[in-house]
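Written out below as structure tokens is the structure these notes cover.
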Amino acid sequence: MTTATAEIRALTAAAFRTPEKFTEFCRNGGKPLGGIVDGEQIAGSMNATFQTIDPGSQEVLATVCEMGEAEVARAVSAAQRAFHGDGGSSWRNADVEERIELVNRLVELCERDRDVLLACEIRDGGKVSELAEGDFTQIRACAEYFIGVARQIAMGDGPSLPVGNGVRGFTYREPWGVVAGIIPWNYPIVLTSWFMFPALLSGNTILIKPAEDTPLSALYIGKLAQEAGFPPGVINVLPGRGEITGQCIAEHPGVRFISFTGSPGVGQAILRTCDRHGTRMKREMGGNGSAIVLGDADPAVVARLIGRYTNQHFGQTCCTIHRIFVDRKIADDFTDAQTEFFKGLKIGYQADAGTQLGAVINPTQRRRILQAQQETVARGGRAILTGGEATVAGKNGFYIKPALYRTEPGLNINPQEVFHTYATICPVSSADEALQLANSSPYGLGASVWTKDVEKGIALARQFRDGTAQVNCHNSIAYGLPYGGQGISGGPGGGVNCEETFLDYTQVKAVYVADYPG
Ligand code: NDP
């Protein structure tokens with residue numbers, strides 16, 4: 001008989017065949033794929049290119065041109081012209097319904113070319129199909145949510161207030177102008193959508209800097225935007241390395257606002273650059289997610305659910321659970337069930353049917369993860385599953401086995417985000433002790449509590465020092481609720497996916513009007 005316990009499984013790959021249209025796109029008529037600036041594909045004046053690979057096999061998928069200072073400057077000028085209108089219509093003054101029509105057209109084209117975008121996620125991003133397909137649905141979901149918000153939020157003049165002595169005042173809400181999205185490699189389609197739709201619908205023109213490891217989704221979306229009929233300069237895509245292309249974007253004073261998603265260290269460095277010339281910056285950064293399992297929870301069921309969240313995109317998800325605090329009474333049973341789940345994960349190539357744990361994104365990540373596994377033991381963690389390199393027959397990818405450790409309160413064995421299927425289990429004597437340990441991390445992105453007593457769960461969830469607190473679930477994200485981080489996991493602003501996100505892409509000034517003297 002199938003039990004509920006047996007049904008909980010990790011996200012799994014179906015066999016994926018790469019569509020010819022993706023291969024043609026990557027081949028680009030024998031030329032490296034250029035950036036998209038002012039409605040054209042451009043090669044870049046540095047003559048620098050880089051290769052983007054399939055992390056599960058190291059097959060080169062495409063050669064891409066790196067955009068340098070000159071291309072960033074050209075993109076900013078084009079975006080400024082498109083924003084203000086160059087003697088013609090401007091994006092800034094376009095009716096919101098005009099913007100919505102183009103966004104809807106872009107969504108339709110993405111859906112027409114679903115297989116190509118899935119190939120970008122599965123081949124370039126190393127995802128299993130179940131996850132890639134879920135990510136793909138976010139294009140429409142995100143666009144529709146922000147279309148609704150755009151129709152509701154009043155831009156322009158706010159209501160007038162009497163200020164006294166013949167003076168009145170009112171607010172004026174406007175888009176920033178040129179805004180940039182700096183995107184990490186782990187959720188390219190999702191994070192491009194989360195940036196692009198609110199930024200465009202609020203009237204900004206945009207630069208997208210995709211991650212060096214996964215430039216293909218954004219480049220393909222940029223190509224579709226041209227086909228959709230976005231005016232040149234409204235959407236520009238600038239592939240390249242962070243320290244070159246990303247840095248040039250951060251240094252350009254014409255970029256008024258940057259939305260950054262990535263690691264805290266890089267976010268803090270970009271913030272310092274932005275501060276030098278007054279570019280505003282919103283930061284959504286990494287986490288070291290925690291889960292508290294209370295004594296009334298069924299250890300077998302909850303261990304498998306937590307295992308699934310720990311392994312989402314092979315642990316390369318920002319709010320992944322890495323630190324588990326379990327009531328001492330059930331800690332052994334929980335550990336056994338979690339071990340069984342981790343051991344059962346099928347390691348393989350991400351485009352082969354049945355794979356649940358594929359390759360990590362690049363060799364640097366592999367080195368960092370292996371080092372973190374060793375350090376966990378050096379700090380006093382007892383390895384239950386030791387991790388280490390894995391091999392997959394016929395595939396030269398960056399494969400690593402899952403790692404699981406037992407620890408005790410007081411041992412800080414995993415202080416940093418380890419971006420893999422990696423977790424530590426710490427037995428605790430009370431919910432308060434668990435909460436204090438969970439909240440002791442400088443990160444604060446996602447945490448959850450697992451219990452049959454939902455009211456008790458909610459009371460604990462309110463006390464997490466995290467941007468997202470969940471009861472009996474973990475990676476839930478919904479439009480209308482903010483997704484952001486506290487501590488080093490987030491910067492100012494209202495998180496993403498809510499009304500405040502849309503407002504973050506606008507600025508408000510106060511306008512005072514006095515009667516003419518005399
Ligand atoms: P990084 O911080 O390394 O990079 C993020 C982006 O910044 C990339 O496009 C990168 O380019 C670019 N970049 C790097 N250096 C600079 C620089 N000096 N100036 C400007 N741009 C720069 O993050 P990862 O790509 O490794 O992504 C993983 C991280 O993202 C994890 O910490 C994860 O938790 C976090 N994340 C947070 C999310 C959230 O919503 N809170 C969601 C998803 C991920 P390049 O790729 O070329 O290095």
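Quick note on naming: the chains in the structure tokens go A, B, ... in the order shown, residues restart at 1 in each chain, and ligands are numbered from 1 in order of appearance.
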Which residues of chain A have any atom within 8 Å of an atom in ligand 1 when counting only C-alpha atoms and all ligand atoms, and what is the closest pair of atoms for each, with the distance in Å to one decimal? Order the rows by chain and rising number and write it as a Markdown table.
```
| residue | atom | partner | partner_atom_place_in_ligand_line | distance |
| --- | --- | --- | --- | --- |
| A:Ile182 | CA | ligand 1 | 9 (O) | 5.1 |
| A:Ile183 | CA | ligand 1 | 9 (O) | 4.5 |
| A:Pro184 | CA | ligand 1 | 25 (O) | 3.5 |
| A:Trp185 | CA | ligand 1 | 25 (O) | 4.8 |
| A:Asn186 | CA | ligand 1 | 43 (C) | 6.0 |
| A:Tyr187 | CA | ligand 1 | 43 (C) | 6.2 |
| A:Leu191 | CA | ligand 1 | 42 (C) | 7.2 |
| A:Lys209 | CA | ligand 1 | 9 (O) | 5.9 |
| A:Pro210 | CA | ligand 1 | 9 (O) | 5.1 |
| A:Ala211 | CA | ligand 1 | 46 (O) | 3.4 |
| A:Glu212 | CA | ligand 1 | 47 (O) | 3.9 |
| A:Asp213 | CA | ligand 1 | 46 (O) | 5.8 |
| A:Thr214 | CA | ligand 1 | 46 (O) | 7.7 |
| A:Gly240 | CA | ligand 1 | 47 (O) | 5.8 |
| A:Arg241 | CA | ligand 1 | 47 (O) | 3.4 |
| A:Gly242 | CA | ligand 1 | 11 (O) | 3.3 |
| A:Glu243 | CA | ligand 1 | 18 (N) | 4.2 |
| A:Ile244 | CA | ligand 1 | 19 (N) | 7.1 |
| A:Thr245 | CA | ligand 1 | 20 (C) | 6.9 |
| A:Gly246 | CA | ligand 1 | 20 (C) | 3.4 |
| A:Gln247 | CA | ligand 1 | 19 (N) | 3.7 |
| A:Cys248 | CA | ligand 1 | 20 (C) | 7.4 |
| A:Ile249 | CA | ligand 1 | 20 (C) | 6.9 |
| A:Ala250 | CA | ligand 1 | 20 (C) | 6.0 |
| A:Phe260 | CA | ligand 1 | 7 (O) | 7.0 |
| A:Thr261 | CA | ligand 1 | 37 (C) | 5.2 |
| A:Gly262 | CA | ligand 1 | 30 (O) | 3.1 |
| A:Ser263 | CA | ligand 1 | 32 (O) | 3.5 |
| A:Pro264 | CA | ligand 1 | 32 (O) | 6.5 |
| A:Gly265 | CA | ligand 1 | 2 (O) | 6.8 |
| A:Val266 | CA | ligand 1 | 2 (O) | 4.6 |
| A:Gly267 | CA | ligand 1 | 2 (O) | 6.3 |
| A:Ala269 | CA | ligand 1 | 18 (N) | 6.6 |
| A:Ile270 | CA | ligand 1 | 19 (N) | 5.5 |
| A:Arg283 | CA | ligand 1 | 41 (N) | 7.7 |
| A:Glu284 | CA | ligand 1 | 41 (N) | 3.9 |
| A:Met285 | CA | ligand 1 | 41 (N) | 3.9 |
| A:Gly286 | CA | ligand 1 | 34 (O) | 3.0 |
| A:Gly287 | CA | ligand 1 | 34 (O) | 5.4 |
| A:Gln316 | CA | ligand 1 | 33 (C) | 7.2 |
| A:Thr317 | CA | ligand 1 | 34 (O) | 6.1 |
| A:Cys318 | CA | ligand 1 | 34 (O) | 3.4 |
| A:Cys319 | CA | ligand 1 | 34 (O) | 6.7 |
| A:Glu417 | CA | ligand 1 | 32 (O) | 7.0 |
| A:Phe419 | CA | ligand 1 | 31 (C) | 7.2 |
| A:Leu445 | CA | ligand 1 | 41 (N) | 6.7 |
| A:Tyr483 | CA | ligand 1 | 40 (O) | 7.1 |
| A:Gly484 | CA | ligand 1 | 41 (N) | 6.1 |
| A:Gly485 | CA | ligand 1 | 41 (N) | 6.4 |
| A:Ser489 | CA | ligand 1 | 41 (N) | 6.4 |
| A:Gly490 | CA | ligand 1 | 41 (N) | 6.8 |
| A:Val496 | CA | ligand 1 | 40 (O) | 7.8 |
```
Report as a ChimeraX atom specification all protein, DNA and RNA residues lying within 8 Å of Ala180 (chain A), evaluated on only C-alpha atoms, omitting residues in the same chain fewer than 3 positions from it.
/A:206-209,249,255,257-259
Output file for the selection above: N, CA, C and O atoms, as a CSV table (one decimal), in the first residue's frame:
```csv
chain,number,residue,atom,x,y,z
A,206,ILE,N,15.1,49.3,-18.8
A,206,ILE,CA,15.9,48.4,-18.0
A,206,ILE,C,17.1,47.8,-18.7
A,206,ILE,O,17.2,47.7,-19.9
A,207,LEU,N,18.1,47.5,-17.8
A,207,LEU,CA,19.3,46.8,-18.2
A,207,LEU,C,19.2,45.5,-17.4
A,207,LEU,O,19.0,45.5,-16.2
A,208,ILE,N,19.4,44.4,-18.0
A,208,ILE,CA,19.4,43.1,-17.3
A,208,ILE,C,20.8,42.5,-17.4
A,208,ILE,O,21.4,42.4,-18.5
A,209,LYS,N,21.4,42.3,-16.3
A,209,LYS,CA,22.8,41.6,-16.3
A,209,LYS,C,22.6,40.2,-15.7
A,209,LYS,O,22.5,40.0,-14.5
A,249,ILE,N,28.1,48.5,-14.6
A,249,ILE,CA,26.7,49.0,-14.3
A,249,ILE,C,26.6,49.7,-13.0
A,249,ILE,O,26.0,50.8,-12.9
A,255,VAL,N,22.6,55.0,-14.1
A,255,VAL,CA,21.6,54.0,-13.6
A,255,VAL,C,21.1,54.5,-12.3
A,255,VAL,O,21.8,54.7,-11.4
A,257,PHE,N,18.7,53.1,-10.3
A,257,PHE,CA,18.3,52.1,-9.3
A,257,PHE,C,18.8,50.8,-9.7
A,257,PHE,O,18.7,50.4,-10.9
A,258,ILE,N,19.3,50.0,-8.7
A,258,ILE,CA,19.7,48.6,-9.0
A,258,ILE,C,18.9,47.7,-8.2
A,258,ILE,O,18.8,47.8,-6.9
A,259,SER,N,18.4,46.6,-8.8
A,259,SER,CA,17.8,45.5,-8.0
A,259,SER,C,18.8,44.4,-8.1
A,259,SER,O,19.0,43.8,-9.2
```
Spatial neighbours of Ala15 (chain A), max dist 6 Å, only C-alpha atoms, sep filter under 6 positions, as a ChimeraX atom specification:
/A:351-353
A:Glu24, A:Glu101, A:Glu408, A:Asp515 ranked by distance to Val167 (chain A), top pick (using only C-alpha atoms)
A:Asp515
Per-residue DSSP, region 177-289 of chain A, filtered to helix (DSSP H, G or I), as a ChimeraX atom specification:
/A:188-201,216-228,242-251,264-277
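Proximity ranking of A:Ala390, A:Ala119, A:Val190, A:Val234 relative to Arg81 (chain A) places A:Val234 first, based on only C-alpha atoms.
One distance worth recording is that between CA of Ser440 (chain A) and CA of Asn475 (chain A), which is 20.6 Å.
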Give me the residues near Ala78 (chain A) as JSON, numbers by chain, where near means some atom within 10 Å (using only C-alpha atoms) and where sequence neighbours in that chain fewer than 6 positions away do not count.
{"A": [37, 38, 39, 72, 86, 178, 205, 206, 232, 233, 234, 235, 236]}
Surrounding residues of Ile306 (chain A) excluding itself and chain neighbours under 3 positions, 9 Å, only C-alpha atoms, as number ranges by chain:
A: 291, 301-303, 309-311, 321, 324, 338, 473-474
Please produce an output containing N, CA and C atoms for each residue in the selection, written as an mmCIF file, in the first residue's frame.
```cif
data_model
loop_
_atom_site.group_PDB
_atom_site.id
_atom_site.type_symbol
_atom_site.label_atom_id
_atom_site.label_comp_id
_atom_site.auth_asym_id
_atom_site.auth_seq_id
_atom_site.Cartn_x
_atom_site.Cartn_y
_atom_site.Cartn_z
ATOM 1 N N ALA A 291 14.861 25.072 10.156
ATOM 2 C CA ALA A 291 13.568 24.432 10.402
ATOM 3 C C ALA A 291 13.564 23.955 11.848
ATOM 4 N N VAL A 301 7.507 11.580 8.370
ATOM 5 C CA VAL A 301 6.876 12.425 7.345
ATOM 6 C C VAL A 301 7.629 13.746 7.215
ATOM 7 N N VAL A 302 7.887 14.372 8.364
ATOM 8 C CA VAL A 302 8.504 15.706 8.319
ATOM 9 C C VAL A 302 9.941 15.618 7.793
ATOM 10 N N ALA A 303 10.656 14.562 8.144
ATOM 11 C CA ALA A 303 12.041 14.431 7.646
ATOM 12 C C ALA A 303 12.054 14.381 6.126
ATOM 13 N N TYR A 309 12.705 19.938 0.600
ATOM 14 C CA TYR A 309 13.048 21.366 0.532
ATOM 15 C C TYR A 309 14.565 21.574 0.546
ATOM 16 N N THR A 310 15.263 20.717 1.272
ATOM 17 C CA THR A 310 16.720 20.856 1.324
ATOM 18 C C THR A 310 17.332 20.575 -0.042
ATOM 19 N N ASN A 311 16.676 19.686 -0.781
ATOM 20 C CA ASN A 311 17.242 19.281 -2.075
ATOM 21 C C ASN A 311 16.670 20.080 -3.252
ATOM 22 N N ILE A 321 16.507 24.858 3.433
ATOM 23 C CA ILE A 321 16.752 24.478 4.831
ATOM 24 C C ILE A 321 18.137 23.822 4.935
ATOM 25 N N ILE A 324 18.597 22.272 10.961
ATOM 26 C CA ILE A 324 17.365 21.666 11.471
ATOM 27 C C ILE A 324 17.496 21.481 12.984
ATOM 28 N N GLN A 338 15.605 11.130 7.684
ATOM 29 C CA GLN A 338 16.266 12.111 6.806
ATOM 30 C C GLN A 338 17.430 11.445 6.059
ATOM 31 N N CYS A 473 5.409 24.118 6.133
ATOM 32 C CA CYS A 473 5.808 24.228 4.722
ATOM 33 C C CYS A 473 7.093 25.049 4.754
ATOM 34 N N HIS A 474 7.789 25.158 3.625
ATOM 35 C CA HIS A 474 8.998 25.973 3.714
ATOM 36 C C HIS A 474 9.194 26.928 2.543
#
```
Just want the 9 Å neighbourhood of Val360 (chain A), counted on only C-alpha atoms, with same-chain residues fewer than 5 positions away dropped. Output as a ChimeraX atom specification.
/A:55-56,126,313-314,316,365-366,397-400,419-420
Every residue of region 306-404 of chain A that DSSP places in strand (DSSP E or B), as JSON, numbers by chain
{"A": [321, 322, 323, 324, 325, 326, 327, 347, 357, 382, 383, 384, 385, 386, 389, 392, 395, 400, 403, 404]}
Val454 (chain A) environment, 12 Å, only C-alpha atoms, sequence neighbours closer than 2 positions dropped, as a ChimeraX atom specification
/A:294,296-297,448-452,456-461,470-473
